[in-house]
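Printed here is upload33.cif (mmCIF, C-alpha atoms and all ligand atoms):
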data_start
#
loop_
_atom_site.label_atom_id
_atom_site.label_comp_id
_atom_site.auth_asym_id
_atom_site.auth_seq_id
_atom_site.Cartn_x
_atom_site.Cartn_y
_atom_site.Cartn_z
CA MET T 27 9.18 -28.17 -83.41
CA ILE T 28 8.86 -31.35 -85.45
CA VAL T 29 7.58 -30.37 -88.88
CA GLN T 30 5.30 -33.01 -90.35
CA GLU T 31 2.64 -33.63 -92.94
CA THR T 32 -0.20 -36.06 -93.37
CA LYS T 33 0.46 -38.91 -95.79
CA PRO T 34 -1.48 -38.84 -99.07
CA ILE T 35 -4.92 -40.36 -98.60
CA GLU T 36 -4.11 -43.14 -101.09
CA THR T 37 -1.17 -44.19 -98.89
CA ILE T 38 -3.37 -44.10 -95.78
CA LYS T 39 -6.05 -46.19 -97.51
CA GLU T 40 -3.48 -48.81 -98.53
CA MET T 41 -2.04 -48.88 -94.99
CA LEU T 42 -5.52 -49.37 -93.47
CA LYS T 43 -6.90 -51.75 -96.08
CA ASP T 44 -7.56 -54.51 -93.52
CA VAL T 45 -8.98 -52.20 -90.83
CA LYS T 46 -12.70 -51.57 -90.31
CA LYS T 47 -12.66 -49.80 -86.93
CA ILE T 48 -9.99 -47.39 -85.82
CA PHE T 49 -9.28 -45.04 -82.91
CA LEU T 50 -7.50 -41.77 -83.76
CA VAL T 51 -4.87 -39.93 -81.73
CA GLY T 52 -3.73 -36.42 -82.65
CA CYS T 53 -1.22 -34.06 -81.06
CA GLY T 54 -1.98 -30.62 -79.65
CA ASP T 55 1.55 -29.40 -80.22
CA CYS T 56 3.66 -29.62 -83.41
CA ALA T 57 1.15 -31.67 -85.42
CA THR T 58 -1.62 -29.15 -84.73
CA VAL T 59 0.60 -26.26 -85.85
CA CYS T 60 1.37 -28.20 -89.05
CA GLU T 61 -2.36 -28.79 -89.65
CA ALA T 62 -1.72 -32.50 -89.39
CA GLY T 63 -3.02 -33.53 -85.96
CA GLY T 64 -5.47 -30.98 -84.57
CA SER T 65 -9.21 -31.26 -84.17
CA ASP T 66 -10.09 -30.19 -87.75
CA ASP T 67 -7.44 -32.54 -89.16
CA LEU T 68 -8.77 -35.53 -87.22
CA LYS T 69 -12.32 -34.74 -88.33
CA ARG T 70 -11.17 -34.45 -91.95
CA LEU T 71 -9.49 -37.83 -91.69
CA GLN T 72 -12.58 -39.29 -90.04
CA GLU T 73 -14.69 -38.20 -93.03
CA ALA T 74 -12.18 -39.60 -95.52
CA LEU T 75 -12.09 -42.93 -93.65
CA LYS T 76 -15.89 -43.05 -93.43
CA ALA T 77 -16.01 -42.83 -97.22
CA GLU T 78 -13.80 -45.94 -97.26
CA GLY T 79 -16.09 -47.81 -94.86
CA ILE T 80 -13.77 -47.37 -91.86
CA GLU T 81 -15.50 -46.41 -88.61
CA VAL T 82 -13.70 -44.13 -86.17
CA THR T 83 -14.57 -45.41 -82.67
CA GLY T 84 -13.22 -42.32 -80.93
CA MET T 85 -10.45 -39.78 -80.93
CA VAL T 86 -8.24 -37.84 -78.54
CA ILE T 87 -5.73 -35.03 -78.89
CA PRO T 88 -3.14 -35.10 -76.06
CA ASP T 89 -1.32 -31.81 -75.44
CA THR T 90 1.94 -33.34 -76.63
CA SER T 91 1.91 -36.87 -78.03
CA CYS T 92 5.61 -37.44 -77.33
CA HIS T 93 4.91 -37.06 -73.58
CA ILE T 94 4.34 -40.68 -72.54
CA PRO T 95 2.76 -40.11 -69.07
CA ASP T 96 0.37 -37.48 -70.49
CA VAL T 97 -0.73 -39.68 -73.39
CA LYS T 98 -1.18 -42.62 -71.00
CA SER T 99 -3.59 -40.66 -68.80
CA GLN T 100 -5.48 -39.31 -71.84
CA LEU T 101 -5.89 -42.75 -73.42
CA LYS T 102 -7.15 -44.22 -70.13
CA LYS T 103 -10.24 -42.00 -70.47
CA HIS T 104 -11.01 -43.65 -73.83
CA ALA T 105 -10.53 -47.27 -72.84
CA ALA T 106 -13.87 -48.49 -74.27
CA GLU T 107 -13.39 -46.71 -77.63
CA LEU T 108 -9.87 -48.09 -77.86
CA GLU T 109 -11.10 -51.57 -77.03
CA ALA T 110 -13.70 -51.35 -79.84
CA ALA T 111 -11.05 -50.45 -82.41
CA GLU T 112 -8.92 -52.92 -84.38
CA GLY T 113 -6.07 -50.44 -84.56
CA ILE T 114 -4.97 -46.91 -83.66
CA GLY T 115 -4.14 -44.21 -86.20
CA VAL T 116 -1.78 -41.54 -84.91
CA MET T 117 -1.58 -38.08 -86.45
CA SER T 118 1.74 -36.94 -85.00
CA CYS T 119 5.45 -37.35 -85.62
CA GLY T 120 7.00 -40.78 -85.19
CA ALA T 121 7.72 -40.02 -81.53
CA GLY T 122 3.98 -39.77 -80.85
CA VAL T 123 3.30 -42.89 -82.90
CA GLN T 124 5.82 -44.80 -80.80
CA THR T 125 4.37 -43.39 -77.57
CA VAL T 126 1.05 -45.00 -78.49
CA GLY T 127 2.76 -48.17 -79.71
CA THR T 128 4.55 -48.46 -76.37
CA LEU T 129 1.33 -47.97 -74.40
CA TYR T 130 -0.84 -50.26 -76.55
CA GLU T 131 1.33 -53.19 -77.53
CA GLU T 132 -1.70 -55.40 -78.24
CA LYS T 133 -3.05 -53.15 -81.04
CA PRO T 134 -1.54 -52.26 -84.41
CA VAL T 135 -0.59 -48.58 -84.56
CA TYR T 136 -0.60 -46.70 -87.87
CA PRO T 137 1.54 -43.60 -88.58
CA ILE T 138 -0.79 -41.22 -90.43
CA ASN T 139 1.86 -38.49 -90.74
CA ASN T 140 5.40 -38.29 -92.04
CA ALA T 141 7.82 -36.41 -89.76
CA LEU T 142 10.02 -34.17 -91.87
CA PHE T 143 12.49 -32.17 -89.78
CA LEU T 144 13.19 -30.14 -86.64
CA GLY T 145 11.93 -26.78 -87.81
CA ASN T 146 11.90 -23.08 -87.14
CA THR T 147 8.70 -21.19 -87.92
CA GLU T 148 9.27 -18.27 -90.29
CA ARG T 149 5.60 -17.33 -90.24
CA PHE T 150 2.43 -19.25 -89.50
CA GLY T 151 2.39 -22.27 -91.82
CA GLN T 152 5.96 -21.83 -93.09
CA HIS T 153 8.82 -23.76 -91.58
CA VAL T 154 12.51 -24.05 -92.29
CA GLU T 155 15.27 -26.34 -91.08
CA TYR T 156 18.05 -24.62 -89.12
CA CYS T 157 19.25 -27.34 -86.74
CA SER T 158 19.80 -31.10 -87.04
CA ALA T 159 20.31 -31.67 -83.29
CA CYS T 160 23.84 -32.93 -83.86
CA GLY T 161 24.71 -33.07 -80.14
CA GLU T 162 27.66 -30.67 -80.31
CA CYS T 163 26.66 -27.12 -81.22
CA ARG T 164 29.52 -25.12 -82.66
CA ILE T 165 27.91 -22.18 -84.37
CA ASP T 166 29.30 -19.57 -81.97
CA LYS T 167 32.13 -18.85 -84.41
CA LEU T 168 29.83 -18.76 -87.44
CA GLY T 169 27.44 -16.00 -86.45
CA ALA T 170 24.81 -18.52 -85.33
CA ILE T 171 24.50 -20.04 -88.80
CA CYS T 172 24.66 -23.85 -88.87
CA PRO T 173 26.56 -25.29 -91.83
CA ILE T 174 25.73 -28.84 -90.83
CA THR T 175 22.07 -28.16 -91.52
CA ARG T 176 21.93 -25.12 -93.76
CA CYS T 177 24.77 -26.08 -96.12
CA TYR T 178 23.62 -28.68 -98.65
CA LYS T 179 26.86 -30.62 -98.19
CA GLY T 180 27.16 -29.98 -94.43
CA ILE T 181 30.76 -28.90 -94.87
CA LEU T 182 32.61 -27.55 -91.86
CA ASN T 183 35.01 -25.34 -93.81
CA GLY T 184 33.30 -23.60 -96.66
CA PRO T 185 32.13 -22.41 -99.00
CA CYS T 186 32.54 -25.00 -101.72
CA GLY T 187 32.84 -24.14 -105.40
CA GLY T 188 29.10 -24.37 -105.88
CA VAL T 189 28.35 -20.92 -104.51
CA SER T 190 27.18 -18.35 -107.03
CA ASP T 191 25.96 -14.81 -106.24
CA GLY T 192 25.52 -15.86 -102.63
CA MET T 193 23.29 -18.79 -103.56
CA CYS T 194 23.88 -22.53 -103.25
CA GLU T 195 24.14 -24.72 -106.31
CA ILE T 196 21.26 -26.81 -104.97
CA GLY T 197 18.90 -24.11 -106.28
CA ASN T 198 15.44 -23.68 -104.74
CA ASP T 199 16.37 -20.11 -103.75
CA THR T 200 18.67 -21.53 -101.06
CA PRO T 201 21.30 -19.07 -99.84
CA CYS T 202 24.78 -20.49 -99.26
CA ALA T 203 25.12 -21.03 -95.51
CA TRP T 204 28.73 -19.92 -95.66
CA VAL T 205 27.83 -16.64 -97.33
CA LEU T 206 25.20 -16.08 -94.64
CA ALA T 207 27.83 -16.77 -91.96
CA TYR T 208 30.30 -14.41 -93.67
CA GLU T 209 27.73 -11.62 -93.84
CA ARG T 210 26.70 -12.09 -90.21
CA LEU T 211 30.31 -12.12 -88.99
CA GLU T 212 31.10 -9.05 -91.11
CA LYS T 213 28.32 -7.16 -89.32
CA GLN T 214 29.84 -8.23 -86.00
CA GLY T 215 33.42 -7.37 -87.00
CA ARG T 216 34.38 -11.01 -86.41
CA LEU T 217 35.53 -12.13 -89.88
CA ASP T 218 38.78 -13.35 -88.34
CA ASN T 219 36.77 -16.33 -87.09
CA LEU T 220 36.87 -17.71 -90.62
CA LYS T 221 40.67 -17.76 -90.77
CA ASP T 222 40.99 -20.83 -88.56
CA ALA T 223 39.99 -24.15 -90.05
CA SER T 224 37.21 -25.80 -88.11
CA PRO T 225 38.36 -29.04 -86.44
CA PRO T 226 36.64 -32.29 -87.38
CA LYS T 227 33.15 -32.72 -86.01
CA ARG T 228 32.60 -35.11 -83.10
CA TRP T 229 29.88 -37.14 -84.78
CA SER T 230 29.78 -39.49 -81.80
CA ALA T 231 27.97 -36.68 -79.94
CA HIS T 232 24.82 -37.96 -81.57
CA LEU T 233 24.60 -41.73 -81.40
CA LYS T 234 21.11 -43.05 -81.96
CA PRO T 235 19.03 -43.69 -80.02
CA MET T 236 19.88 -40.71 -77.82
CA ARG T 237 18.87 -40.48 -74.15
CA HIS T 238 18.91 -37.47 -71.89
CA LEU T 239 18.25 -36.66 -68.23
CA ASN T 240 17.86 -33.08 -67.10
CA PRO T 241 20.34 -32.10 -64.35
CA THR T 242 17.76 -32.07 -61.54
CA LEU T 243 16.47 -35.56 -62.32
CA LYS T 244 20.03 -36.82 -62.80
CA LYS T 245 21.00 -35.55 -59.33
CA LYS T 246 17.89 -37.11 -57.76
CA MET T 247 18.61 -40.48 -59.39
CA GLU T 248 22.25 -40.39 -58.29
CA GLU T 249 21.21 -39.59 -54.71
CA LYS T 250 18.65 -42.42 -54.77
CA GLU T 251 21.28 -44.85 -56.06
CA ALA T 252 23.79 -43.71 -53.40
CA LYS T 253 21.16 -44.27 -50.67
CA ARG T 254 20.34 -47.71 -52.06
CA LYS T 255 24.01 -48.69 -52.06
CA ALA T 256 24.51 -47.35 -48.51
CA LYS T 257 21.49 -49.38 -47.35
CA GLU T 258 22.83 -52.54 -49.00
CA ALA T 259 26.27 -51.98 -47.49
CA LYS T 260 24.69 -51.58 -44.04
CA LYS T 261 22.73 -54.83 -44.50
CA GLY T 262 25.91 -56.65 -45.52
CA LYS T 263 27.66 -55.77 -42.25
S1 LIG E 1 25.84 -27.30 -84.91
FE1 LIG E 1 23.96 -27.13 -86.12
S2 LIG E 1 23.02 -29.15 -86.00
FE2 LIG E 1 24.49 -29.03 -84.36
S3 LIG E 1 23.28 -28.37 -82.57
FE3 LIG E 1 24.22 -26.53 -83.53
S4 LIG E 1 22.64 -25.74 -84.91
FE4 LIG E 1 22.08 -27.87 -84.42
S1 LIG E 2 27.23 -23.55 -102.09
FE1 LIG E 2 27.39 -23.10 -99.91
S2 LIG E 2 25.56 -24.06 -98.97
FE2 LIG E 2 25.77 -24.90 -101.03
S3 LIG E 2 26.90 -26.79 -100.74
FE3 LIG E 2 28.44 -25.19 -101.22
S4 LIG E 2 29.08 -24.37 -99.24
FE4 LIG E 2 27.21 -25.56 -98.88
#

Would it be possible to restate this file's structure as structure tokens?
Ligand code: SF4
Ligand code: SF4
Amino acid sequence: MIVQETKPIETIKEMLKDVKKIFLVGCGDCATVCEAGGSDDLKRLQEALKAEGIEVTGMVIPDTSCHIPDVKSQLKKHAAELEAAEGIGVMSCGAGVQTVGTLYEEKPVYPINNALFLGNTERFGQHVEYCSACGECRIDKLGAICPITRCYKGILNGPCGGVSDGMCEIGNDTPCAWVLAYERLEKQGRLDNLKDASPPKRWSAHLKPMRHLNPTLKKKMEEKEAKRKAKEAKKGK
């Protein structure tokens, strides 16, 4: 999920200094889990804004704020409250903020949260970064430990000289990713994997902004395009 946190109230106040009426959008998925976009969080923000003289005209929490069609249908139900607002505050990651910005181009949209990273949940309320969505996953040979994300330097052939007692020189109780990989491979009897140098990473596998079609939709679109071309060719005869 996308780990995120609400901006400090002073930052929010500064961002909304010219706004008197605002509509709030949360997110029922990642932002709710992070206590930064669920019902209680929106109400807390509403109270804080009220103290600053900002009226909340209405609020909605779509199931997932990065799902554009879903958010569109949810916002439609709040047309009057949206119309009454000067701007829209979004408590979600930047994907949700941009969903709303795309749907409501005529209103300023304010990001209330900061998106931090793609996270794994260790226990409720505690998240850790394991994957950076690099577009070319190669952790099969490393015991499912990602050095791109879990090594401070992201090195592909480690460890570096900064490892000490299994820990990374970065501190913060961070284990060295390469020691973790070694220990995992040792358990699996696959230490030989570390003998071969890892080839250079194909960084072009993640060129922003990324786009993706799932295979079923891709096939449907290709078939539609083929039909369109066949129809055009027939017309041309
Ligand atoms: S190599 Fe690391 S960053 Fe890339 S997809 Fe795999 S886990 Fe994610
Ligand atoms: S000590 Fe390990 S995790 Fe830290 S930077 Fe070096 S190789 Fe990466």

Contacts of ligand LIG 2 (chain E), 7 Å or closer, only C-alpha atoms and all ligand atoms, given as an MDAnalysis selection string:
chainID T and resid 176:181 184:189 193:196 201:205

Name the residues in contact with segment 82-87 of chain T at a cut-off of 10 Å, using all atoms listed in the file, excluding same-chain residues fewer than 4 positions from it; report them as a PyMOL selection string.
chain T and resi 46-55+58+63-65+68-69+71-73+75-76+91+97+100-101+103-112+114-118

Pull the closest atom pair for each residue of chain T that gets at most 9 Å from ligand LIG 1 (chain E), along with the distance in Å to one decimal, counting only C-alpha atoms and all ligand atoms, ordering rows by chain and then ascending residue number, as CSV.
residue,atom,partner,partner_atom,distance
T:Tyr156,CA,E:LIG1,S4,6.3
T:Cys157,CA,E:LIG1,FE4,3.7
T:Ser158,CA,E:LIG1,S2,3.9
T:Ala159,CA,E:LIG1,FE4,4.3
T:Cys160,CA,E:LIG1,FE2,4.0
T:Gly161,CA,E:LIG1,S3,5.5
T:Glu162,CA,E:LIG1,FE2,5.4
T:Cys163,CA,E:LIG1,FE3,3.4
T:Arg164,CA,E:LIG1,S1,4.8
T:Ile165,CA,E:LIG1,S1,5.5
T:Asp166,CA,E:LIG1,FE3,8.8
T:Ala170,CA,E:LIG1,S4,7.6
T:Ile171,CA,E:LIG1,S4,7.1
T:Cys172,CA,E:LIG1,FE1,4.3
T:Pro173,CA,E:LIG1,FE1,6.5
T:Ile174,CA,E:LIG1,FE1,5.3
T:Thr175,CA,E:LIG1,S2,5.7
T:Arg176,CA,E:LIG1,FE1,8.2

Neighbours of Asn140 of chain T within 12 Å (all atoms listed in the file; same-chain residues fewer than 6 positions away dropped), as a PDB file with C-alpha atoms, keeping the file's coordinate frame?
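Output saved as selection29.pdb:
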ATOM      1  CA  ILE T  28       8.860 -31.350 -85.450  1.00  0.00           C
ATOM      2  CA  VAL T  29       7.580 -30.370 -88.880  1.00  0.00           C
ATOM      3  CA  GLN T  30       5.300 -33.010 -90.350  1.00  0.00           C
ATOM      4  CA  GLU T  31       2.640 -33.630 -92.940  1.00  0.00           C
ATOM      5  CA  THR T  32      -0.200 -36.060 -93.370  1.00  0.00           C
ATOM      6  CA  LYS T  33       0.460 -38.910 -95.790  1.00  0.00           C
ATOM      7  CA  PRO T  34      -1.480 -38.840 -99.070  1.00  0.00           C
ATOM      8  CA  THR T  37      -1.170 -44.190 -98.890  1.00  0.00           C
ATOM      9  CA  ILE T  38      -3.370 -44.100 -95.780  1.00  0.00           C
ATOM     10  CA  ALA T  57       1.150 -31.670 -85.420  1.00  0.00           C
ATOM     11  CA  CYS T  60       1.370 -28.200 -89.050  1.00  0.00           C
ATOM     12  CA  ALA T  62      -1.720 -32.500 -89.390  1.00  0.00           C
ATOM     13  CA  GLY T  63      -3.020 -33.530 -85.960  1.00  0.00           C
ATOM     14  CA  VAL T 116      -1.780 -41.540 -84.910  1.00  0.00           C
ATOM     15  CA  MET T 117      -1.580 -38.080 -86.450  1.00  0.00           C
ATOM     16  CA  SER T 118       1.740 -36.940 -85.000  1.00  0.00           C
ATOM     17  CA  CYS T 119       5.450 -37.350 -85.620  1.00  0.00           C
ATOM     18  CA  GLY T 120       7.000 -40.780 -85.190  1.00  0.00           C
ATOM     19  CA  ALA T 121       7.720 -40.020 -81.530  1.00  0.00           C
ATOM     20  CA  GLY T 122       3.980 -39.770 -80.850  1.00  0.00           C
ATOM     21  CA  VAL T 123       3.300 -42.890 -82.900  1.00  0.00           C
TER      22      VAL T 123
END

Using only C-alpha atoms, which residue out of T:Lys167, T:Leu129, T:Glu40, T:Pro235 lies closest to Ser99 of chain T?
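Smallest separation from Ser99 of chain T among the options: T:Leu129.
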
Coordinates-based distance that separates atom CA of Gly79 of chain T from atom CA of Leu42 of chain T (Å, one decimal):
10.8 Å

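For the atom pair formed by atom CA of Phe150 of chain T and atom CA of Cys56 of chain T, the distance is 12.1 Å, given to one decimal.
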
Of the candidates T:Thr200, T:Gln214, T:Asn240, T:Thr90, which shows the shortest atom-to-atom distance to Glu155 of chain T, using all atoms listed in the file?
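Among the listed residues, T:Thr200 lies closest to Glu155 of chain T.
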
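When only C-alpha atoms are used to measure the gap to Pro137 of chain T, the shortest distance among T:Met41, T:Met27, T:Glu209, T:Arg216 belongs to T:Met41.
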
One decimal, in Å: what's the spacing between atom CA of Leu243 of chain T and atom CA of Val126 of chain T?
24.3 Å

With all atoms listed in the file as the atoms that count, which of T:Lys250, T:Val135, T:Lys261, T:Asn183 lies nearest to Asn219 of chain T?
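Checking each candidate against Asn219 of chain T, we get T:Asn183 as the closest.
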
As JSON, please: the centre and edge lengths in Å, to one decimal, of an axis-aligned box enclosing every listed atom of segment 120-125 of chain T with 8 Å added on each side.
{"center_x": 5.5, "center_y": -42.3, "center_z": -81.4, "size_x": 20.4, "size_y": 21.0, "size_z": 23.6}

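Shortest separation to Leu168 of chain T among T:Pro95, T:Leu142, T:Lys213, T:Glu249 occurs at residue T:Lys213, atoms counted being all atoms listed in the file.
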
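Closest to Ile35 of chain T among T:Glu78, T:Glu131, T:Glu61, T:Glu148 is T:Glu78, based on all atoms listed in the file.
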